[in-house]
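Enquirer: Contents are mmCIF, C-alpha atoms; file name my_file-v1.cif:
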data_data
loop_
_atom_site.label_atom_id
_atom_site.label_comp_id
_atom_site.auth_asym_id
_atom_site.auth_seq_id
_atom_site.Cartn_x
_atom_site.Cartn_y
_atom_site.Cartn_z
CA MET A 229 22.12 -0.74 -4.62
CA PRO A 230 23.15 2.77 -5.75
CA ASN A 231 21.91 5.55 -3.43
CA ALA A 232 20.22 3.06 -1.08
CA LYS A 233 21.79 4.86 1.90
CA ALA A 234 19.72 7.91 1.01
CA TYR A 235 16.67 5.92 2.10
CA ALA A 236 17.55 5.13 5.71
CA ALA A 237 14.68 3.61 7.71
CA PRO A 238 14.60 4.71 11.37
CA THR A 239 13.27 2.06 13.74
CA PRO A 240 9.61 3.05 14.24
CA GLY A 241 7.99 2.90 17.65
CA VAL A 242 5.10 0.96 16.13
CA PHE A 243 5.41 -0.85 12.81
CA TYR A 244 2.22 -1.82 10.99
CA ILE A 245 2.17 -4.60 8.40
CA HIS A 246 -0.97 -5.00 6.30
CA ASP A 247 -1.52 -8.65 5.39
CA ASP A 248 -2.24 -8.57 1.66
CA LEU A 249 -0.01 -11.63 1.20
CA SER A 250 -1.81 -14.60 2.78
CA GLU A 251 -4.86 -14.60 0.50
CA TYR A 252 -2.68 -14.04 -2.57
CA VAL A 253 -0.35 -16.94 -1.76
CA GLN A 254 -3.25 -19.25 -0.96
CA ARG A 255 -4.96 -18.35 -4.23
CA LYS A 256 -1.80 -18.83 -6.29
CA GLN A 257 -0.26 -21.85 -4.54
CA GLY A 258 -3.10 -23.60 -2.66
CA GLU A 259 -4.15 -24.23 0.93
CA ASP A 260 -1.69 -27.09 1.49
CA SER A 261 1.26 -25.49 -0.28
CA LEU A 262 4.75 -24.95 1.10
CA ALA A 263 4.38 -21.28 0.11
CA LEU A 264 1.36 -20.79 2.38
CA HIS A 265 3.12 -22.63 5.20
CA LEU A 266 6.11 -20.29 4.83
CA THR A 267 3.78 -17.28 4.76
CA GLN A 268 2.25 -18.37 8.06
CA GLN A 269 5.73 -18.82 9.49
CA LEU A 270 6.65 -15.34 8.30
CA PHE A 271 3.75 -13.69 10.09
CA THR A 272 4.48 -15.63 13.28
CA LEU A 273 8.09 -14.46 13.09
CA VAL A 274 7.43 -10.77 12.41
CA HIS A 275 4.94 -10.76 15.28
CA ARG A 276 7.66 -11.85 17.71
CA ASP A 277 7.56 -8.33 19.22
CA PRO A 278 3.77 -7.76 19.38
CA GLN A 279 4.07 -4.48 21.28
CA ARG A 280 5.95 -2.96 18.36
CA VAL A 281 4.92 -4.95 15.26
CA VAL A 282 1.18 -4.98 14.50
CA VAL A 283 -0.34 -7.05 11.70
CA LEU A 284 -3.42 -5.43 10.15
CA LYS A 285 -6.30 -7.35 8.57
CA LEU A 286 -8.45 -6.00 5.75
CA GLU A 287 -11.77 -6.82 7.40
CA ASP A 288 -10.93 -4.84 10.54
CA GLN A 289 -9.99 -1.77 8.50
CA MET A 290 -13.13 -2.03 6.41
CA GLU A 291 -15.35 -2.27 9.50
CA GLN A 292 -13.74 0.85 10.93
CA LEU A 293 -14.21 2.75 7.67
CA LEU A 294 -17.86 1.76 7.39
CA ALA A 295 -18.46 2.81 11.00
CA ARG A 296 -17.45 6.37 10.10
CA GLY A 297 -20.63 6.95 8.13
CA ASP A 298 -22.66 6.01 5.10
CA HIS A 299 -22.57 7.73 1.70
CA PRO A 300 -24.93 7.84 -1.24
CA PRO A 301 -23.49 6.27 -4.41
CA PHE A 302 -20.81 8.40 -6.07
CA ALA A 303 -21.19 9.21 -9.74
CA LEU A 304 -17.56 8.25 -10.29
CA ALA A 305 -14.79 6.64 -8.24
CA ILE A 306 -11.15 7.08 -9.21
CA GLY A 307 -9.03 4.18 -7.98
CA ILE A 308 -5.33 4.97 -7.57
CA GLY A 309 -3.51 2.08 -9.22
CA HIS A 310 -4.58 -1.52 -8.96
CA ALA A 311 -4.58 -1.25 -5.15
CA GLY A 312 -7.00 1.68 -5.10
CA GLU A 313 -9.20 0.06 -7.72
CA ARG A 314 -9.31 -3.13 -5.64
CA VAL A 315 -10.27 -1.20 -2.49
CA ALA A 316 -13.03 0.60 -4.39
CA GLN A 317 -14.38 -2.73 -5.63
CA GLN A 318 -14.26 -4.25 -2.15
CA LEU A 319 -16.07 -1.28 -0.63
CA HIS A 320 -18.65 -1.23 -3.40
CA THR A 321 -19.44 -4.90 -2.78
CA ARG A 322 -20.26 -4.03 0.83
CA THR A 323 -21.89 -0.64 0.36
CA GLY A 324 -22.86 0.13 -3.24
CA TRP A 325 -20.94 3.42 -3.03
CA PHE A 326 -18.90 3.09 -6.23
CA PRO A 327 -20.96 1.78 -9.17
CA ALA A 328 -18.52 3.34 -11.69
CA ILE A 329 -14.78 2.90 -11.04
CA HIS A 330 -12.01 4.35 -13.22
CA ARG A 331 -8.39 3.41 -12.48
CA VAL A 332 -5.46 5.80 -12.89
CA ASP A 333 -2.12 4.02 -13.22
CA VAL A 334 0.33 5.94 -11.05
CA THR A 335 2.75 4.91 -8.33
CA ARG A 336 5.39 6.33 -6.01
CA GLU A 337 8.95 5.92 -7.25
CA GLU A 338 12.30 6.71 -5.63
CA ASP A 339 14.20 9.63 -7.14
CA GLY A 340 17.57 8.23 -5.99
CA ASP A 341 18.34 11.08 -3.58
CA GLY A 342 16.10 10.22 -0.65
CA GLY A 343 12.87 11.56 -2.15
CA TYR A 344 10.02 10.27 -4.24
CA HIS A 345 8.09 11.14 -7.37
CA VAL A 346 4.61 10.06 -8.37
CA VAL A 347 4.90 8.67 -11.88
CA SER A 348 2.62 7.05 -14.41
CA THR A 349 3.09 3.31 -14.85
CA THR A 350 1.94 3.65 -18.47
CA PRO A 351 3.11 6.00 -21.25
CA ILE A 352 0.02 8.13 -20.60
CA PRO A 353 0.48 11.06 -18.15
CA LEU A 354 -1.86 11.27 -15.16
CA ALA A 355 -3.79 14.27 -16.49
CA GLN A 356 -4.63 12.37 -19.67
CA GLN A 357 -5.68 9.26 -17.74
CA LEU A 358 -8.48 11.11 -15.94
CA PRO A 359 -11.96 10.63 -17.41
CA ALA A 360 -14.36 13.45 -18.22
CA LEU A 361 -15.30 14.96 -14.86
CA ASP A 362 -17.59 17.89 -15.64
CA ALA A 363 -20.76 15.80 -15.67
CA ALA A 364 -19.92 13.81 -12.51
CA SER A 365 -22.03 15.16 -9.66
CA SER A 366 -19.88 13.45 -7.01
CA ILE A 367 -16.41 11.92 -7.16
CA ALA A 368 -14.52 9.56 -4.86
CA VAL A 369 -10.75 9.15 -4.96
CA VAL A 370 -9.77 5.80 -3.45
CA ASP A 371 -6.41 4.34 -2.40
CA ASP A 372 -5.34 1.57 -0.07
CA THR A 373 -2.81 3.48 2.08
CA VAL A 374 -2.02 7.10 2.90
CA PHE A 375 1.50 7.18 4.31
CA SER A 376 3.09 10.52 3.49
CA GLY A 377 0.02 11.38 1.40
CA LEU A 378 2.12 12.18 -1.67
CA THR A 379 0.25 9.93 -4.09
CA MET A 380 -3.23 10.92 -2.96
CA ARG A 381 -2.34 14.63 -2.99
CA THR A 382 -0.87 14.33 -6.48
CA VAL A 383 -4.09 12.83 -7.84
CA LEU A 384 -6.25 15.40 -6.04
CA GLN A 385 -4.09 18.23 -7.36
CA ALA A 386 -4.66 16.90 -10.88
CA LEU A 387 -8.41 17.51 -10.48
CA PRO A 388 -9.75 20.96 -11.39
CA PRO A 389 -10.52 23.04 -8.27
CA GLU A 390 -14.25 23.08 -9.00
CA VAL A 391 -14.23 19.28 -9.22
CA ARG A 392 -12.53 18.96 -5.83
CA THR A 393 -15.51 20.74 -4.22
CA ARG A 394 -17.59 17.61 -4.91
CA THR A 395 -14.83 15.07 -4.21
CA HIS A 396 -14.33 12.77 -1.21
CA ALA A 397 -11.15 10.76 -0.55
CA PHE A 398 -11.13 7.24 0.90
CA CYS A 399 -8.39 4.92 2.10
CA MET A 400 -8.23 1.80 4.22
CA ARG A 401 -5.27 2.72 6.42
CA GLY A 402 -2.68 5.39 6.96
CA VAL A 403 -0.87 7.80 9.24
CA ALA A 404 -3.15 10.25 11.03
CA ALA A 405 -0.58 13.05 10.74
CA SER A 406 -0.79 12.87 6.92
CA LEU A 407 -4.56 13.33 6.77
CA PRO A 408 -4.64 17.16 7.14
CA GLY A 409 -2.69 17.41 3.88
CA ILE A 410 -5.48 15.45 2.19
CA ALA A 411 -8.27 17.28 3.99
CA ALA A 412 -6.90 20.56 2.61
CA PHE A 413 -8.23 19.41 -0.78
CA CYS A 414 -11.40 17.53 0.18
CA PRO A 415 -13.01 15.50 2.98
CA VAL A 416 -11.27 12.20 3.70
CA SER A 417 -12.49 8.96 5.29
CA ILE A 418 -10.06 6.34 6.56
CA GLY A 419 -10.39 2.92 8.14
CA PHE A 420 -7.40 2.68 10.48
CA ALA A 421 -5.46 5.88 11.25
CA ALA A 422 -2.23 5.37 13.18
CA PRO A 423 -1.10 8.15 15.53
CA GLY A 424 2.48 9.37 15.59
CA ARG A 425 5.19 10.93 13.44
CA LEU A 426 6.11 9.22 10.17
CA LEU A 427 9.06 6.79 10.25
CA ASP A 428 10.42 7.38 13.74
CA GLU A 429 7.15 6.81 15.65
CA VAL A 430 5.02 4.93 13.14
CA SER A 431 5.53 3.22 9.80
CA PHE A 432 3.47 1.08 7.40
CA ILE A 433 4.20 -1.53 4.79
CA ASN A 434 2.19 -4.07 2.82
CA ALA A 435 3.38 -7.62 3.48
CA SER A 436 3.46 -8.28 -0.27
CA GLY A 437 6.35 -5.82 -0.59
CA MET A 438 8.48 -7.82 1.84
CA VAL A 439 8.41 -10.88 -0.41
CA LEU A 440 7.53 -9.76 -3.94
CA ARG A 441 9.39 -7.26 -6.10
CA VAL A 442 6.63 -4.67 -5.81
CA GLY A 443 7.79 -2.81 -2.70
CA ILE A 444 10.54 -0.48 -3.97
CA ARG A 445 10.30 1.14 -7.39
CA HIS A 446 13.11 2.93 -9.18
CA PRO A 447 13.41 4.82 -12.47
CA ASN A 448 15.15 2.78 -15.17
CA ARG A 449 15.85 -0.18 -12.88
CA PRO A 450 13.86 -3.26 -11.85
CA SER A 451 11.68 -3.06 -8.76
CA GLN A 452 12.85 -4.64 -5.51
CA ALA A 453 11.32 -6.46 -2.57
CA PHE A 454 12.00 -5.06 0.87
CA PHE A 455 14.15 -8.06 1.79
CA GLU A 456 16.58 -6.87 -0.88
CA ARG A 457 17.23 -3.74 1.18
CA PRO A 458 18.65 -5.26 4.38
CA MET A 459 19.14 -1.95 6.18
CA TRP A 460 15.37 -1.47 6.18
CA MET A 461 14.75 -5.00 7.41
CA HIS A 462 17.21 -4.54 10.28
CA ALA A 463 15.53 -1.27 11.25
CA TRP A 464 12.09 -2.87 11.22
CA PHE A 465 13.00 -6.17 12.88
CA PRO A 466 15.96 -5.43 15.16
CA GLY A 467 17.61 -8.57 16.45
CA TYR A 468 15.84 -11.02 14.14
CA ALA A 469 16.02 -9.40 10.70
CA GLU A 470 18.22 -12.15 9.25
CA GLU A 471 15.55 -14.74 10.07
CA VAL A 472 12.89 -12.59 8.39
CA ILE A 473 15.08 -12.04 5.32
CA ALA A 474 15.77 -15.77 4.98
CA LEU A 475 12.05 -16.61 5.09
CA CYS A 476 11.27 -13.89 2.55
CA GLN A 477 13.98 -15.25 0.24
CA ARG A 478 12.56 -18.79 0.43
CA LEU A 479 9.06 -17.57 -0.27
CA ASN A 480 10.22 -15.28 -3.09
CA ALA A 481 11.96 -18.21 -4.80
CA ILE A 482 8.56 -19.93 -5.02
CA MET A 483 6.46 -16.91 -5.93
CA GLU A 484 8.92 -15.28 -8.38
CA PRO A 485 10.99 -18.25 -9.64
CA ASP A 486 12.32 -16.36 -12.67
CA GLY A 487 13.36 -13.33 -10.63
CA GLN A 488 10.79 -11.11 -12.34
CA PRO A 489 8.12 -9.20 -10.39
CA ALA A 490 5.00 -11.29 -9.89
CA PRO A 491 1.74 -9.99 -11.42
CA PHE A 492 0.43 -8.82 -8.06
CA PRO A 493 -2.40 -8.99 -7.08
#
Will you turn the file into structure tokens for me?
Expert:
Amino acid sequence: MPNAKAYAAPTPGVFYIHDDLSEYVQRKQGEDSLALHLTQQLFTLVHRDPQRVVVLKLEDQMEQLLARGDHPPFALAIGIGHAGERVAQQLHTRTGWFPAIHRVDVTREEDGDGGYHVVSTTPIPLAQQLPALDAASSIAVVDDTVFSGLTMRTVLQALPPEVRTRTHAFCMRGVAASLPGIAAFCPVSIGFAAPGRLLDEVSFINASGMVLRVGIRHPNRPSQAFFERPMWMHAWFPGYAEEVIALCQRLNAIMEPDGQPAPFP
């Protein structure tokens, strides 16, 4: 793909894969489906090097986040994209923290030169997607992952400074080194925080992005799955990347038979 070399992926010391795929495949295809069998094979394969590749489960991250302290219900929770909205709903079911959830539709998109922009996934700019905030006595901003922190910081920067004084950020997982950039705006609570420098010591992906065309977003071009960028797969799974790619391709052919991005989740 054009400019793909600008997005080299150094082999991380520890590579974390969040399993958001198994439940989705089971729900869409069934417990006895070939797709679920292939998904199980995929996780067995990527875990071939367990000292370097770690598979994360949602329940473990949630337990760690809840152990960091309780909160009274927030007047308003802002979920970042469908993923952040889903996390807010999952946490509210367990805790009652987020009785009112408002989603903002933004995502990280490649700029083609090695960097990223946070863009709206609708014609409405981020600032216009935000609800009225003046009357909200407490605000939560919720996302699933903080990797570089770009998306979370962008949403926090869109809030008026006086609103940020009563805001708290939440995420399920992320890189510990990125949290100070969030904490500069407001307190932040995280489930699993991985130590180490981004990319060369630690990296994160969602398993869905390996198989479904939701992992890599471009301006003016269709999204890609990670298996469609082989240089990343070889960096992440040195010595057995071709096996991982082949399994992802087989599973993608079932989950996205028309070649169009699946309506995930």
Enquirer: Between A:Met483, A:Leu270, A:Val242, A:Leu378, which one has atoms that come closest to Tyr344 in chain A, using only C-alpha atoms?
Expert: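 Closest candidate: A:Leu378.
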Enquirer: Sort by chain and increasing residue number a table of all residues of range 292-318 of chain A within 8 Å of range 370-376 of chain A, each with its closest pair of atoms and their distance in Å to one decimal, counting only C-alpha atoms, and write it as CSV.
Expert:
residue,atom,partner,partner_atom,distance
A:Ala305,CA,A:Val370,CA,7.0
A:Ile306,CA,A:Val370,CA,6.1
A:Gly307,CA,A:Val370,CA,4.9
A:Ile308,CA,A:Asp371,CA,5.3
A:Gly309,CA,A:Asp371,CA,7.7
A:Ala311,CA,A:Asp372,CA,5.9
A:Gly312,CA,A:Asp371,CA,3.8
A:Glu313,CA,A:Val370,CA,7.2
A:Val315,CA,A:Asp372,CA,6.2
A:Ala316,CA,A:Val370,CA,6.2
Enquirer: Translate the PyMOL selection byres ((chain A and resi 358-368) around 7) into a concrete residue list for this structure, as a ChimeraX atom specification.
Expert: /A:302-306,332,354-357,369-370,394-397
Enquirer: Go ahead and save the picked residues with C-alpha atoms, as a PDB file, in the coordinates of the input.
Expert:
ATOM      1  CA  PHE A 302     -20.810   8.400  -6.070  1.00  0.00           C
ATOM      2  CA  ALA A 303     -21.190   9.210  -9.740  1.00  0.00           C
ATOM      3  CA  LEU A 304     -17.560   8.250 -10.290  1.00  0.00           C
ATOM      4  CA  ALA A 305     -14.790   6.640  -8.240  1.00  0.00           C
ATOM      5  CA  ILE A 306     -11.150   7.080  -9.210  1.00  0.00           C
ATOM      6  CA  VAL A 332      -5.460   5.800 -12.890  1.00  0.00           C
ATOM      7  CA  LEU A 354      -1.860  11.270 -15.160  1.00  0.00           C
ATOM      8  CA  ALA A 355      -3.790  14.270 -16.490  1.00  0.00           C
ATOM      9  CA  GLN A 356      -4.630  12.370 -19.670  1.00  0.00           C
ATOM     10  CA  GLN A 357      -5.680   9.260 -17.740  1.00  0.00           C
ATOM     11  CA  VAL A 369     -10.750   9.150  -4.960  1.00  0.00           C
ATOM     12  CA  VAL A 370      -9.770   5.800  -3.450  1.00  0.00           C
ATOM     13  CA  ARG A 394     -17.590  17.610  -4.910  1.00  0.00           C
ATOM     14  CA  THR A 395     -14.830  15.070  -4.210  1.00  0.00           C
ATOM     15  CA  HIS A 396     -14.330  12.770  -1.210  1.00  0.00           C
ATOM     16  CA  ALA A 397     -11.150  10.760  -0.550  1.00  0.00           C
TER      17      ALA A 397
END
Enquirer: In terms of the shortest atom-to-atom distance over only C-alpha atoms, which of A:Ile482, A:Leu475, A:Val283, A:Ala469 is closest to Ser431 in chain A?
Expert: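 Distance minimum relative to Ser431 in chain A lands on A:Val283.
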Enquirer: From the options A:Ile444, A:Val281, A:Leu262, A:Arg331, which residue's atoms come nearest to Phe432 in chain A, counting all atoms listed in the file?
Expert: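 Of A:Ile444, A:Val281, A:Leu262, A:Arg331, the one nearest Phe432 in chain A is A:Val281, counting all atoms listed in the file.
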Enquirer: Just checking: using all atoms listed in the file, which residue out of A:Val347, A:Ala404, A:Pro301, A:Pro493 ends up closest to Arg314 in chain A?
Expert: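 Among A:Val347, A:Ala404, A:Pro301, A:Pro493, it is A:Pro493 that comes nearest to Arg314 in chain A.
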Enquirer: Between CA of Val430 in chain A and CA of Pro240 in chain A, what is the distance in Å, rounded to a tenth?
Expert: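 The value is 5.1 Å.
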Enquirer: What does the structure give for the distance between CA of Arg425 in chain A and CA of Leu284 in chain A, in Å to one decimal?
Expert: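 Taking CA of Arg425 in chain A as the start and CA of Leu284 in chain A as the end point, the length is 18.8 Å.
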Enquirer: What separation in Å, quoted to one decimal, exists between CA of Gly424 in chain A and CA of Thr239 in chain A?
Expert: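 Between CA of Gly424 in chain A and CA of Thr239 in chain A the gap is 13.2 Å.
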Enquirer: Evaluate the PyMOL selection byres ((chain A and resi 294) around 12) against this structure - the residues, as a ChimeraX atom specification, please.
Expert: /A:287-293,295-299,318-320,322-325,398-400,417-420
Enquirer: Mind rebuilding range 352-373 of chain A with N, CA, C and O atoms and writing that out as a JSON list (two decimals), keeping the file's coordinate frame?
Expert:
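So the final result, stored in part_33.json, reads:
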[["chain", "number", "residue", "atom", "x", "y", "z"],
["A", 352, "ILE", "N", 1.00, 7.05, -20.61],
["A", 352, "ILE", "CA", 0.02, 8.13, -20.60],
["A", 352, "ILE", "C", 0.15, 8.93, -19.30],
["A", 352, "ILE", "O", 0.05, 8.36, -18.21],
["A", 353, "PRO", "N", 0.38, 10.24, -19.37],
["A", 353, "PRO", "CA", 0.48, 11.06, -18.15],
["A", 353, "PRO", "C", -0.82, 11.03, -17.34],
["A", 353, "PRO", "O", -1.90, 10.78, -17.89],
["A", 354, "LEU", "N", -0.70, 11.30, -16.05],
["A", 354, "LEU", "CA", -1.86, 11.27, -15.16],
["A", 354, "LEU", "C", -3.00, 12.13, -15.67],
["A", 354, "LEU", "O", -4.16, 11.69, -15.69],
["A", 355, "ALA", "N", -2.72, 13.36, -16.07],
["A", 355, "ALA", "CA", -3.79, 14.27, -16.49],
["A", 355, "ALA", "C", -4.59, 13.70, -17.65],
["A", 355, "ALA", "O", -5.82, 13.91, -17.73],
["A", 356, "GLN", "N", -3.93, 12.95, -18.53],
["A", 356, "GLN", "CA", -4.63, 12.37, -19.67],
["A", 356, "GLN", "C", -5.34, 11.06, -19.32],
["A", 356, "GLN", "O", -6.18, 10.58, -20.08],
["A", 357, "GLN", "N", -5.00, 10.48, -18.18],
["A", 357, "GLN", "CA", -5.68, 9.26, -17.74],
["A", 357, "GLN", "C", -7.05, 9.55, -17.11],
["A", 357, "GLN", "O", -7.90, 8.67, -17.03],
["A", 358, "LEU", "N", -7.23, 10.77, -16.63],
["A", 358, "LEU", "CA", -8.48, 11.11, -15.94],
["A", 358, "LEU", "C", -9.64, 11.11, -16.94],
["A", 358, "LEU", "O", -9.51, 11.58, -18.07],
["A", 359, "PRO", "N", -10.80, 10.60, -16.53],
["A", 359, "PRO", "CA", -11.96, 10.63, -17.41],
["A", 359, "PRO", "C", -12.59, 12.01, -17.43],
["A", 359, "PRO", "O", -12.16, 12.92, -16.69],
["A", 360, "ALA", "N", -13.61, 12.19, -18.23],
["A", 360, "ALA", "CA", -14.36, 13.45, -18.22],
["A", 360, "ALA", "C", -15.03, 13.60, -16.86],
["A", 360, "ALA", "O", -15.69, 12.68, -16.37],
["A", 361, "LEU", "N", -14.85, 14.75, -16.24],
["A", 361, "LEU", "CA", -15.30, 14.96, -14.86],
["A", 361, "LEU", "C", -16.42, 15.97, -14.74],
["A", 361, "LEU", "O", -17.10, 16.03, -13.71],
["A", 362, "ASP", "N", -16.64, 16.79, -15.75],
["A", 362, "ASP", "CA", -17.59, 17.89, -15.64],
["A", 362, "ASP", "C", -19.00, 17.42, -15.30],
["A", 362, "ASP", "O", -19.72, 18.07, -14.55],
["A", 363, "ALA", "N", -19.39, 16.27, -15.86],
["A", 363, "ALA", "CA", -20.76, 15.80, -15.67],
["A", 363, "ALA", "C", -20.93, 14.97, -14.40],
["A", 363, "ALA", "O", -22.06, 14.61, -14.05],
["A", 364, "ALA", "N", -19.84, 14.65, -13.71],
["A", 364, "ALA", "CA", -19.92, 13.81, -12.51],
["A", 364, "ALA", "C", -20.34, 14.66, -11.31],
["A", 364, "ALA", "O", -19.62, 15.57, -10.90],
["A", 365, "SER", "N", -21.49, 14.36, -10.76],
["A", 365, "SER", "CA", -22.03, 15.16, -9.66],
["A", 365, "SER", "C", -21.29, 14.91, -8.35],
["A", 365, "SER", "O", -21.29, 15.78, -7.46],
["A", 366, "SER", "N", -20.67, 13.76, -8.21],
["A", 366, "SER", "CA", -19.88, 13.45, -7.01],
["A", 366, "SER", "C", -18.77, 12.50, -7.39],
["A", 366, "SER", "O", -18.96, 11.61, -8.22],
["A", 367, "ILE", "N", -17.60, 12.68, -6.78],
["A", 367, "ILE", "CA", -16.41, 11.92, -7.16],
["A", 367, "ILE", "C", -15.74, 11.41, -5.88],
["A", 367, "ILE", "O", -15.60, 12.13, -4.90],
["A", 368, "ALA", "N", -15.33, 10.15, -5.92],
["A", 368, "ALA", "CA", -14.52, 9.56, -4.86],
["A", 368, "ALA", "C", -13.14, 9.27, -5.42],
["A", 368, "ALA", "O", -13.01, 8.83, -6.56],
["A", 369, "VAL", "N", -12.12, 9.55, -4.63],
["A", 369, "VAL", "CA", -10.75, 9.15, -4.96],
["A", 369, "VAL", "C", -10.33, 8.14, -3.91],
["A", 369, "VAL", "O", -10.38, 8.41, -2.71],
["A", 370, "VAL", "N", -9.93, 6.94, -4.36],
["A", 370, "VAL", "CA", -9.77, 5.80, -3.45],
["A", 370, "VAL", "C", -8.37, 5.22, -3.58],
["A", 370, "VAL", "O", -7.89, 4.96, -4.68],
["A", 371, "ASP", "N", -7.71, 5.01, -2.43],
["A", 371, "ASP", "CA", -6.41, 4.34, -2.40],
["A", 371, "ASP", "C", -6.40, 3.37, -1.23],
["A", 371, "ASP", "O", -7.30, 3.42, -0.36],
["A", 372, "ASP", "N", -5.40, 2.51, -1.18],
["A", 372, "ASP", "CA", -5.34, 1.57, -0.07],
["A", 372, "ASP", "C", -4.69, 2.20, 1.16],
["A", 372, "ASP", "O", -5.17, 2.03, 2.28],
["A", 373, "THR", "N", -3.58, 2.95, 0.96],
["A", 373, "THR", "CA", -2.81, 3.48, 2.08],
["A", 373, "THR", "C", -2.47, 4.94, 1.85],
["A", 373, "THR", "O", -2.10, 5.33, 0.74]]
